[in-house]
$ cat coords.cif   # mmCIF, C-alpha atoms
data_upload
#
loop_
_atom_site.label_atom_id
_atom_site.label_comp_id
_atom_site.auth_asym_id
_atom_site.auth_seq_id
_atom_site.Cartn_x
_atom_site.Cartn_y
_atom_site.Cartn_z
CA MET H 26 180.97 80.44 91.07
CA SER H 27 181.31 84.13 91.92
CA GLU H 28 180.60 86.64 94.66
CA LEU H 29 177.11 88.06 95.10
CA ARG H 30 176.53 91.41 93.40
CA ALA H 31 175.23 94.47 95.20
CA ASP H 32 171.71 94.00 93.82
CA ASP H 33 171.52 90.25 94.49
CA PRO H 34 169.20 89.10 97.28
CA ARG H 35 170.77 87.64 100.41
CA GLN H 36 167.69 85.67 101.48
CA LEU H 37 164.84 83.95 99.64
CA GLY H 38 162.24 82.45 101.92
CA SER H 39 164.12 80.35 104.44
CA TYR H 40 167.21 80.04 102.22
CA ARG H 41 170.33 82.14 102.78
CA LEU H 42 172.19 82.97 99.54
CA THR H 43 175.98 83.22 99.57
CA ARG H 44 177.32 82.90 96.00
CA ARG H 45 176.34 83.07 92.34
CA LEU H 46 176.53 79.73 90.53
CA GLY H 47 175.51 80.96 87.09
CA GLN H 48 173.08 82.94 85.00
CA GLY H 49 170.87 82.09 82.03
CA GLY H 50 168.06 83.48 79.94
CA GLN H 51 165.43 82.79 82.59
CA GLY H 52 167.21 83.70 85.77
CA VAL H 53 170.17 83.55 88.13
CA VAL H 54 171.24 80.45 90.06
CA TYR H 55 172.63 80.97 93.55
CA LEU H 56 174.36 78.79 96.08
CA GLY H 57 172.00 78.73 99.03
CA HIS H 58 171.83 77.20 102.49
CA SER H 59 168.77 75.67 104.10
CA PRO H 60 167.86 76.38 107.75
CA GLN H 61 169.55 73.04 108.55
CA GLY H 62 172.76 74.19 106.83
CA ALA H 63 172.50 72.00 103.71
CA ARG H 64 173.80 73.51 100.48
CA VAL H 65 171.20 73.96 97.75
CA ALA H 66 170.93 75.59 94.32
CA VAL H 67 168.34 78.38 94.11
CA LYS H 68 167.14 79.53 90.69
CA LEU H 69 165.53 83.00 90.81
CA LEU H 70 163.53 84.28 87.86
CA HIS H 71 164.81 87.55 86.36
CA ALA H 72 162.84 90.56 87.62
CA SER H 73 162.14 91.63 84.03
CA LEU H 74 160.40 88.30 83.35
CA SER H 75 158.50 87.87 86.60
CA GLY H 76 155.32 89.51 85.33
CA ASP H 77 155.21 87.52 82.08
CA PRO H 78 152.54 84.78 82.39
CA VAL H 79 154.17 82.73 79.61
CA VAL H 80 157.49 82.69 81.46
CA ARG H 81 155.76 81.79 84.72
CA ARG H 82 154.05 78.85 82.98
CA ARG H 83 157.43 77.76 81.64
CA PHE H 84 158.85 77.93 85.15
CA LEU H 85 155.99 75.72 86.33
CA GLY H 86 156.73 73.36 83.44
CA GLU H 87 160.32 73.09 84.62
CA ILE H 88 159.09 71.95 88.02
CA GLU H 89 156.86 69.31 86.47
CA ALA H 90 159.64 68.07 84.19
CA VAL H 91 162.21 67.72 86.98
CA ARG H 92 159.73 65.90 89.21
CA ARG H 93 159.13 63.30 86.50
CA VAL H 94 162.80 62.51 85.87
CA ALA H 95 164.69 59.78 87.75
CA ALA H 96 166.75 61.06 90.67
CA PHE H 97 170.10 59.67 89.48
CA CYS H 98 170.33 61.81 86.35
CA THR H 99 169.39 65.32 87.47
CA ALA H 100 169.48 67.65 90.46
CA GLN H 101 166.32 66.88 92.39
CA LEU H 102 163.76 69.57 93.15
CA LEU H 103 163.50 70.33 96.88
CA ASP H 104 161.26 73.39 97.12
CA ALA H 105 159.64 76.14 95.06
CA ASP H 106 157.81 79.44 95.49
CA LEU H 107 155.76 80.49 92.46
CA GLU H 108 153.40 82.89 94.22
CA GLY H 109 155.75 85.74 95.09
CA ASP H 110 156.90 88.65 92.95
CA ARG H 111 160.09 86.73 92.04
CA PRO H 112 159.40 83.00 91.62
CA TYR H 113 162.25 80.66 92.53
CA LEU H 114 163.12 76.96 92.55
CA VAL H 115 165.30 75.17 95.08
CA SER H 116 167.13 72.04 94.00
CA GLU H 117 169.83 69.68 95.17
CA TYR H 118 173.32 71.19 94.94
CA VAL H 119 175.58 69.02 92.79
CA GLU H 120 179.26 69.35 93.69
CA GLY H 121 181.32 69.60 90.51
CA PRO H 122 181.89 71.72 87.40
CA SER H 123 179.81 71.74 84.29
CA LEU H 124 181.13 69.70 81.38
CA ARG H 125 181.84 72.93 79.52
CA GLU H 126 183.84 74.34 82.45
CA HIS H 127 185.76 71.08 82.72
CA VAL H 128 186.72 71.04 79.03
CA VAL H 129 187.76 74.71 79.11
CA ALA H 130 189.91 74.18 82.22
CA GLU H 131 191.29 70.68 81.61
CA GLY H 132 191.06 70.21 77.86
CA PRO H 133 189.24 67.56 75.81
CA ARG H 134 188.48 64.09 77.15
CA LEU H 135 189.92 61.05 75.43
CA GLY H 136 189.71 57.27 75.55
CA GLY H 137 187.89 55.69 78.48
CA SER H 138 187.13 59.05 80.07
CA LEU H 139 185.31 60.20 76.94
CA GLU H 140 183.42 56.91 76.64
CA ARG H 141 182.26 57.06 80.26
CA LEU H 142 181.02 60.60 79.70
CA ALA H 143 179.16 59.49 76.57
CA ILE H 144 177.60 56.57 78.45
CA GLY H 145 176.63 58.69 81.45
CA THR H 146 174.98 61.42 79.40
CA ALA H 147 173.19 58.93 77.13
CA THR H 148 171.90 57.19 80.26
CA ALA H 149 170.60 60.49 81.62
CA LEU H 150 168.87 61.31 78.33
CA GLY H 151 167.34 57.85 78.25
CA ALA H 152 165.90 58.39 81.73
CA ILE H 153 164.64 61.86 80.79
CA HIS H 154 162.88 60.53 77.69
CA ARG H 155 161.52 57.51 79.55
CA ALA H 156 159.92 59.98 81.98
CA GLY H 157 158.12 61.60 79.04
CA VAL H 158 160.26 64.75 78.91
CA VAL H 159 162.21 66.36 76.06
CA HIS H 160 165.02 68.57 77.40
CA ARG H 161 165.42 70.88 74.36
CA ASP H 162 168.60 72.59 75.64
CA PHE H 163 171.02 69.71 76.15
CA LYS H 164 174.60 71.03 75.95
CA PRO H 165 177.91 70.88 77.86
CA GLY H 166 176.90 73.80 80.08
CA ASN H 167 173.85 71.88 81.28
CA VAL H 168 175.76 68.75 82.29
CA LEU H 169 177.23 68.77 85.81
CA LEU H 170 180.05 66.35 86.55
CA GLY H 171 178.99 65.06 89.95
CA LEU H 172 180.82 62.45 91.98
CA GLU H 173 178.19 59.84 91.11
CA GLY H 174 178.16 60.56 87.39
CA PRO H 175 176.89 63.35 85.13
CA ARG H 176 173.67 65.16 86.04
CA VAL H 177 171.60 67.01 83.44
CA ILE H 178 170.17 70.31 84.67
CA ASP H 179 168.13 73.32 83.48
CA PHE H 180 164.78 72.08 82.18
CA GLY H 181 163.62 75.65 81.59
CA VAL H 182 162.77 75.11 77.92
CA SER H 183 161.80 71.44 78.20
CA ARG H 184 158.53 69.98 76.99
CA LEU H 185 156.55 66.93 77.99
CA VAL H 186 156.56 64.38 75.19
CA ASP H 187 152.81 64.56 74.67
CA SER H 188 153.17 68.24 73.81
CA ALA H 189 156.79 68.34 72.68
CA THR H 190 156.01 67.95 69.01
CA VAL H 191 153.81 71.03 68.96
CA THR H 192 155.56 74.06 67.53
CA THR H 193 154.70 77.11 69.62
CA SER H 194 156.99 79.71 68.09
CA HIS H 195 158.94 80.43 64.94
CA ILE H 196 161.87 81.48 67.15
CA PRO H 197 163.70 78.36 68.37
CA MET H 198 164.61 78.32 72.05
CA GLY H 199 167.88 76.80 73.17
CA THR H 200 171.57 77.28 72.39
CA PRO H 201 172.15 77.81 68.62
CA ALA H 202 175.23 75.58 68.32
CA TYR H 203 173.24 72.57 69.60
CA LEU H 204 169.91 73.09 67.82
CA ALA H 205 168.71 70.25 65.59
CA PRO H 206 167.72 71.12 61.99
CA GLU H 207 164.02 70.54 62.65
CA ARG H 208 164.06 73.06 65.48
CA ILE H 209 165.79 75.67 63.33
CA LYS H 210 163.11 75.17 60.67
CA GLY H 211 160.31 75.52 63.22
CA GLU H 212 159.16 71.95 62.62
CA PRO H 213 157.87 69.54 65.30
CA ALA H 214 160.71 68.38 67.54
CA GLY H 215 160.80 65.51 70.01
CA PRO H 216 163.44 63.27 71.63
CA PRO H 217 165.52 63.01 68.40
CA ALA H 218 166.41 66.70 68.81
CA ASP H 219 168.01 65.85 72.17
CA LEU H 220 170.02 63.06 70.52
CA TRP H 221 171.31 65.57 67.96
CA ALA H 222 172.47 67.80 70.82
CA TRP H 223 173.99 64.78 72.59
CA GLY H 224 176.07 63.97 69.51
CA LEU H 225 177.39 67.53 69.33
CA THR H 226 178.10 67.52 73.07
CA VAL H 227 180.23 64.38 72.71
CA ALA H 228 182.05 65.95 69.74
CA TYR H 229 182.74 69.10 71.79
CA THR H 230 184.02 67.02 74.70
CA ALA H 231 186.45 65.21 72.41
CA SER H 232 187.80 68.32 70.68
CA GLY H 233 187.15 71.36 72.86
CA ARG H 234 185.39 73.14 70.01
CA HIS H 235 181.94 73.22 68.48
CA ALA H 236 181.37 70.91 65.53
CA TYR H 237 179.60 73.74 63.67
CA THR H 238 181.85 76.73 64.30
CA ALA H 239 181.09 80.10 62.70
CA ASP H 240 181.38 83.81 63.49
CA THR H 241 177.68 84.56 64.05
CA HIS H 242 174.59 82.73 65.28
CA ARG H 243 173.05 83.03 61.82
CA GLU H 244 176.10 81.40 60.24
CA VAL H 245 176.06 78.62 62.84
CA LEU H 246 172.43 77.84 62.02
CA ALA H 247 173.21 77.88 58.29
CA ARG H 248 176.09 75.45 58.80
CA ILE H 249 173.85 73.11 60.76
CA LEU H 250 171.30 73.13 57.95
CA TYR H 251 173.65 72.96 54.97
CA GLY H 252 177.14 72.06 56.17
CA LYS H 253 178.90 69.10 57.73
CA PRO H 254 180.09 68.78 61.33
CA ASP H 255 183.75 68.66 62.29
CA LEU H 256 184.10 65.27 63.98
CA GLY H 257 187.84 64.94 63.45
CA ALA H 258 188.55 64.21 67.12
CA LEU H 259 186.25 61.17 67.13
CA SER H 260 187.01 57.73 65.74
CA GLY H 261 185.78 54.16 65.70
CA ARG H 262 182.48 53.09 67.19
CA LEU H 263 181.89 56.36 69.06
CA ARG H 264 182.23 58.38 65.86
CA GLU H 265 179.76 56.08 64.09
CA ILE H 266 177.25 56.52 66.91
CA VAL H 267 177.62 60.31 66.88
CA GLU H 268 177.25 60.40 63.09
CA GLY H 269 173.99 58.47 63.45
CA CYS H 270 172.72 61.02 65.97
CA LEU H 271 173.53 63.81 63.50
CA ALA H 272 171.37 62.39 60.72
CA PRO H 273 169.49 65.32 59.09
CA GLU H 274 166.11 63.62 59.44
CA PRO H 275 164.98 63.01 63.04
CA GLY H 276 163.43 59.68 62.11
CA GLU H 277 166.85 58.39 61.07
CA ARG H 278 168.46 59.01 64.47
CA PRO H 279 168.69 56.29 67.13
CA ASP H 280 166.92 56.81 70.44
CA ALA H 281 168.88 57.22 73.66
CA GLU H 282 168.50 53.61 74.78
CA GLU H 283 169.70 52.32 71.41
CA VAL H 284 172.70 54.66 71.64
CA LEU H 285 173.42 53.31 75.10
CA ARG H 286 173.27 49.68 73.97
CA ARG H 287 175.75 50.45 71.19
CA LEU H 288 178.05 52.31 73.59
CA LEU H 289 178.08 49.40 76.02
CA GLY H 290 178.97 47.15 73.10
CA GLN H 291 177.29 44.05 74.43
CA ASP H 292 173.94 42.38 75.01
CA VAL H 293 172.64 44.10 78.11
CA ALA H 294 170.81 41.89 80.59
CA GLY H 295 168.07 43.75 82.44
CA ASP H 296 167.46 47.47 82.30
CA VAL H 297 169.88 49.24 79.95
CA LEU H 298 169.66 52.47 81.97
CA SER H 299 170.83 50.69 85.13
CA SER H 300 173.74 49.20 83.19
CA GLY H 301 174.60 52.61 81.79
CA ALA H 302 174.52 54.28 85.19
CA MET H 303 176.95 51.70 86.57
CA ALA H 304 179.29 51.89 83.57
CA ALA H 305 179.41 55.70 83.70
CA ILE H 306 181.10 55.71 87.12
CA ALA H 307 183.23 52.57 86.72
CA PRO H 308 186.99 53.21 87.07
CA THR H 309 189.17 52.88 84.01
CA PRO H 310 191.02 49.51 84.05
CA SER H 311 194.78 49.70 84.54
CA PRO H 312 196.79 49.00 81.36
#
$ encode --input "coords.cif" --output "structure tokens"
Amino acid sequence: MSELRADDPRQLGSYRLTRRLGQGGQGVVYLGHSPQGARVAVKLLHASLSGDPVVRRRFLGEIEAVRRVAAFCTAQLLDADLEGDRPYLVSEYVEGPSLREHVVAEGPRLGGSLERLAIGTATALGAIHRAGVVHRDFKPGNVLLGLEGPRVIDFGVSRLVDSATVTTSHIPMGTPAYLAPERIKGEPAGPPADLWAWGLTVAYTASGRHAYTADTHREVLARILYGKPDLGALSGRLREIVEGCLAPEPGERPDAEEVLRRLLGQDVAGDVLSSGAMAAIAPTPSP
């Protein structure tokens, strides 16, 4: 979180903006306040992109994706203005750092803390996929560590499952270090690409470094296609699950609900996503 810059707006519609929360390829996210005083997150499209009809359609797609996803695993959409010169979205403000910020500040997670994070994020992905959405940019920076468990945010490059396997560009969108091989190759990509990114996110959380480290984006992509990941910080069952998610062929990867069942390590009675949501926020037993 940082101070507003001189050229940042102070008001969007009825929302007063007070701080910067972050910035991405599509726009800037601000801490805002509703007329009733509630804190919200306001995502404002970059001025340079506002006139691009493709970007505006993608912004609309983000709204549709978030509305389809279960409330417990993402920041819920509260309001939107797509008609003005600078479209913006207003969503629930989630108190807490991103997973990336947490690892940078506090170091890697280990033991029960790491397992709870793995369970919570797998649960969120399971809910996202069950809603018919593919995230396509799952990474530590897009996981917020809220008080009630991790929340997955930023659906700006997501696709609905019924159109997610259609390749629309030879230039893959998303963060290079977390791109699945099929996306790098420009091949159809669906939920298995998110499971690839989940595996790398867990590996990053355990070690504090990317599993495919290199000096340039091109070298990172080459390592993903032809190299092997560094999973040295993982062991046991969790390592086996992550290795399965990093299978080169998408058809060989487990889906999110299968990953969750394996993480829970037991026969789950009832809905596996409900069990995962509860396990993700359970306290670690005393030794």
$ resolve_selection --input "coords.cif" --expression "the PyMOL selection byres ((chain H and resi 220) around 8)" --output "short mmCIF file (atom, residue, chain, number, x, y, z; two decimals) with C-alpha atoms, in the coordinates of the input"
data_model
loop_
_atom_site.label_atom_id
_atom_site.label_comp_id
_atom_site.auth_asym_id
_atom_site.auth_seq_id
_atom_site.Cartn_x
_atom_site.Cartn_y
_atom_site.Cartn_z
CA PRO H 216 163.44 63.27 71.63
CA PRO H 217 165.52 63.01 68.40
CA ALA H 218 166.41 66.70 68.81
CA ASP H 219 168.01 65.85 72.17
CA TRP H 221 171.31 65.57 67.96
CA ALA H 222 172.47 67.80 70.82
CA TRP H 223 173.99 64.78 72.59
CA GLY H 224 176.07 63.97 69.51
CA CYS H 270 172.72 61.02 65.97
CA LEU H 271 173.53 63.81 63.50
CA ARG H 278 168.46 59.01 64.47
CA PRO H 279 168.69 56.29 67.13
CA ASP H 280 166.92 56.81 70.44
CA ALA H 281 168.88 57.22 73.66
#
$ atom_distance --input "coords.cif" --atom1 "CA of Val177 in chain H" --atom2 "CA of Glu268 in chain H"
22.1 Å
$ atom_distance --input "coords.cif" --atom1 "CA of Asp77 in chain H" --atom2 "CA of Gly47 in chain H"
21.9 Å
$ atom_distance --input "coords.cif" --atom1 "CA of Thr43 in chain H" --atom2 "CA of Val80 in chain H"
25.9 Å
$ residues_around --input "coords.cif" --residues "range 54-63 of chain H" --least-positions-apart "4" --cutoff "7 Å" --atoms "all atoms listed in the file" --output "PyMOL selection string"
chain H and resi 39-48+67-69
$ resolve_selection --input "coords.cif" --expression "the PyMOL selection byres ((chain H and resi 237) around 7)" --output "PyMOL selection string"
chain H and resi 202+235-236+238-239+245+248-249+254-255
$ residues_around --input "coords.cif" --residues "Val267 in chain H" --least-positions-apart "6" --cutoff "8 Å" --atoms "all atoms listed in the file" --output "PyMOL selection string"
chain H and resi 224-225+227-228
$ closest_residue --input "coords.cif" --among "H:Val297, H:Leu102, H:Arg262, H:Leu285" --to "Ile144 in chain H" --atoms "only C-alpha atoms"
H:Leu285
$ closest_residue --input "coords.cif" --among "H:Leu139, H:Leu70, H:Ile153, H:Val129" --to "Arg234 in chain H" --atoms "all atoms listed in the file"
H:Val129
$ closest_residue --input "coords.cif" --among "H:Pro165, H:Gly301, H:Gly157, H:Gly211" --to "Val284 in chain H" --atoms "only C-alpha atoms"
H:Gly301
$ axis_aligned_box --input "coords.cif" --around "range 124-137 of chain H" --padding-each-side "4 Å" --output "AutoDock Vina command-line options"
--center_x 186.2 --center_y 65.2 --center_z 79.1 --size_x 18.2 --size_y 27.0 --size_z 15.3
$ decode --input "coords.cif" --residues "range 205-238 of chain H" --atoms "C-alpha atoms" --output "PDB file, in the first residue's frame"
ATOM      1  CA  ALA H 205       1.991 -23.872 -18.160  1.00  0.00           C
ATOM      2  CA  PRO H 206       3.785 -25.400 -21.177  1.00  0.00           C
ATOM      3  CA  GLU H 207       0.618 -25.524 -23.272  1.00  0.00           C
ATOM      4  CA  ARG H 208       0.099 -21.793 -22.809  1.00  0.00           C
ATOM      5  CA  ILE H 209       3.676 -21.019 -23.819  1.00  0.00           C
ATOM      6  CA  LYS H 210       3.172 -23.094 -26.976  1.00  0.00           C
ATOM      7  CA  GLY H 211      -0.076 -21.299 -27.807  1.00  0.00           C
ATOM      8  CA  GLU H 212      -2.076 -24.502 -27.434  1.00  0.00           C
ATOM      9  CA  PRO H 213      -5.581 -24.787 -25.909  1.00  0.00           C
ATOM     10  CA  ALA H 214      -5.448 -24.276 -22.148  1.00  0.00           C
ATOM     11  CA  GLY H 215      -8.079 -25.028 -19.528  1.00  0.00           C
ATOM     12  CA  PRO H 216      -8.194 -25.770 -15.783  1.00  0.00           C
ATOM     13  CA  PRO H 217      -5.006 -27.915 -15.875  1.00  0.00           C
ATOM     14  CA  ALA H 218      -3.016 -24.733 -16.592  1.00  0.00           C
ATOM     15  CA  ASP H 219      -4.245 -23.323 -13.272  1.00  0.00           C
ATOM     16  CA  LEU H 220      -3.133 -26.507 -11.488  1.00  0.00           C
ATOM     17  CA  TRP H 221       0.337 -26.072 -12.988  1.00  0.00           C
ATOM     18  CA  ALA H 222       0.441 -22.532 -11.576  1.00  0.00           C
ATOM     19  CA  TRP H 223      -0.868 -23.811  -8.230  1.00  0.00           C
ATOM     20  CA  GLY H 224       1.999 -26.310  -8.010  1.00  0.00           C
ATOM     21  CA  LEU H 225       4.560 -23.580  -8.674  1.00  0.00           C
ATOM     22  CA  THR H 226       2.862 -21.291  -6.154  1.00  0.00           C
ATOM     23  CA  VAL H 227       3.163 -23.953  -3.449  1.00  0.00           C
ATOM     24  CA  ALA H 228       6.818 -24.499  -4.382  1.00  0.00           C
ATOM     25  CA  TYR H 229       7.474 -20.747  -4.137  1.00  0.00           C
ATOM     26  CA  THR H 230       5.748 -20.581  -0.757  1.00  0.00           C
ATOM     27  CA  ALA H 231       7.954 -23.386   0.566  1.00  0.00           C
ATOM     28  CA  SER H 232      11.249 -21.964  -0.702  1.00  0.00           C
ATOM     29  CA  GLY H 233      10.870 -18.232  -1.321  1.00  0.00           C
ATOM     30  CA  ARG H 234      12.100 -18.605  -4.894  1.00  0.00           C
ATOM     31  CA  HIS H 235      10.660 -19.533  -8.255  1.00  0.00           C
ATOM     32  CA  ALA H 236      10.976 -23.179  -9.251  1.00  0.00           C
ATOM     33  CA  TYR H 237      12.084 -22.112 -12.747  1.00  0.00           C
ATOM     34  CA  THR H 238      14.572 -19.322 -12.054  1.00  0.00           C
TER      35      THR H 238
END
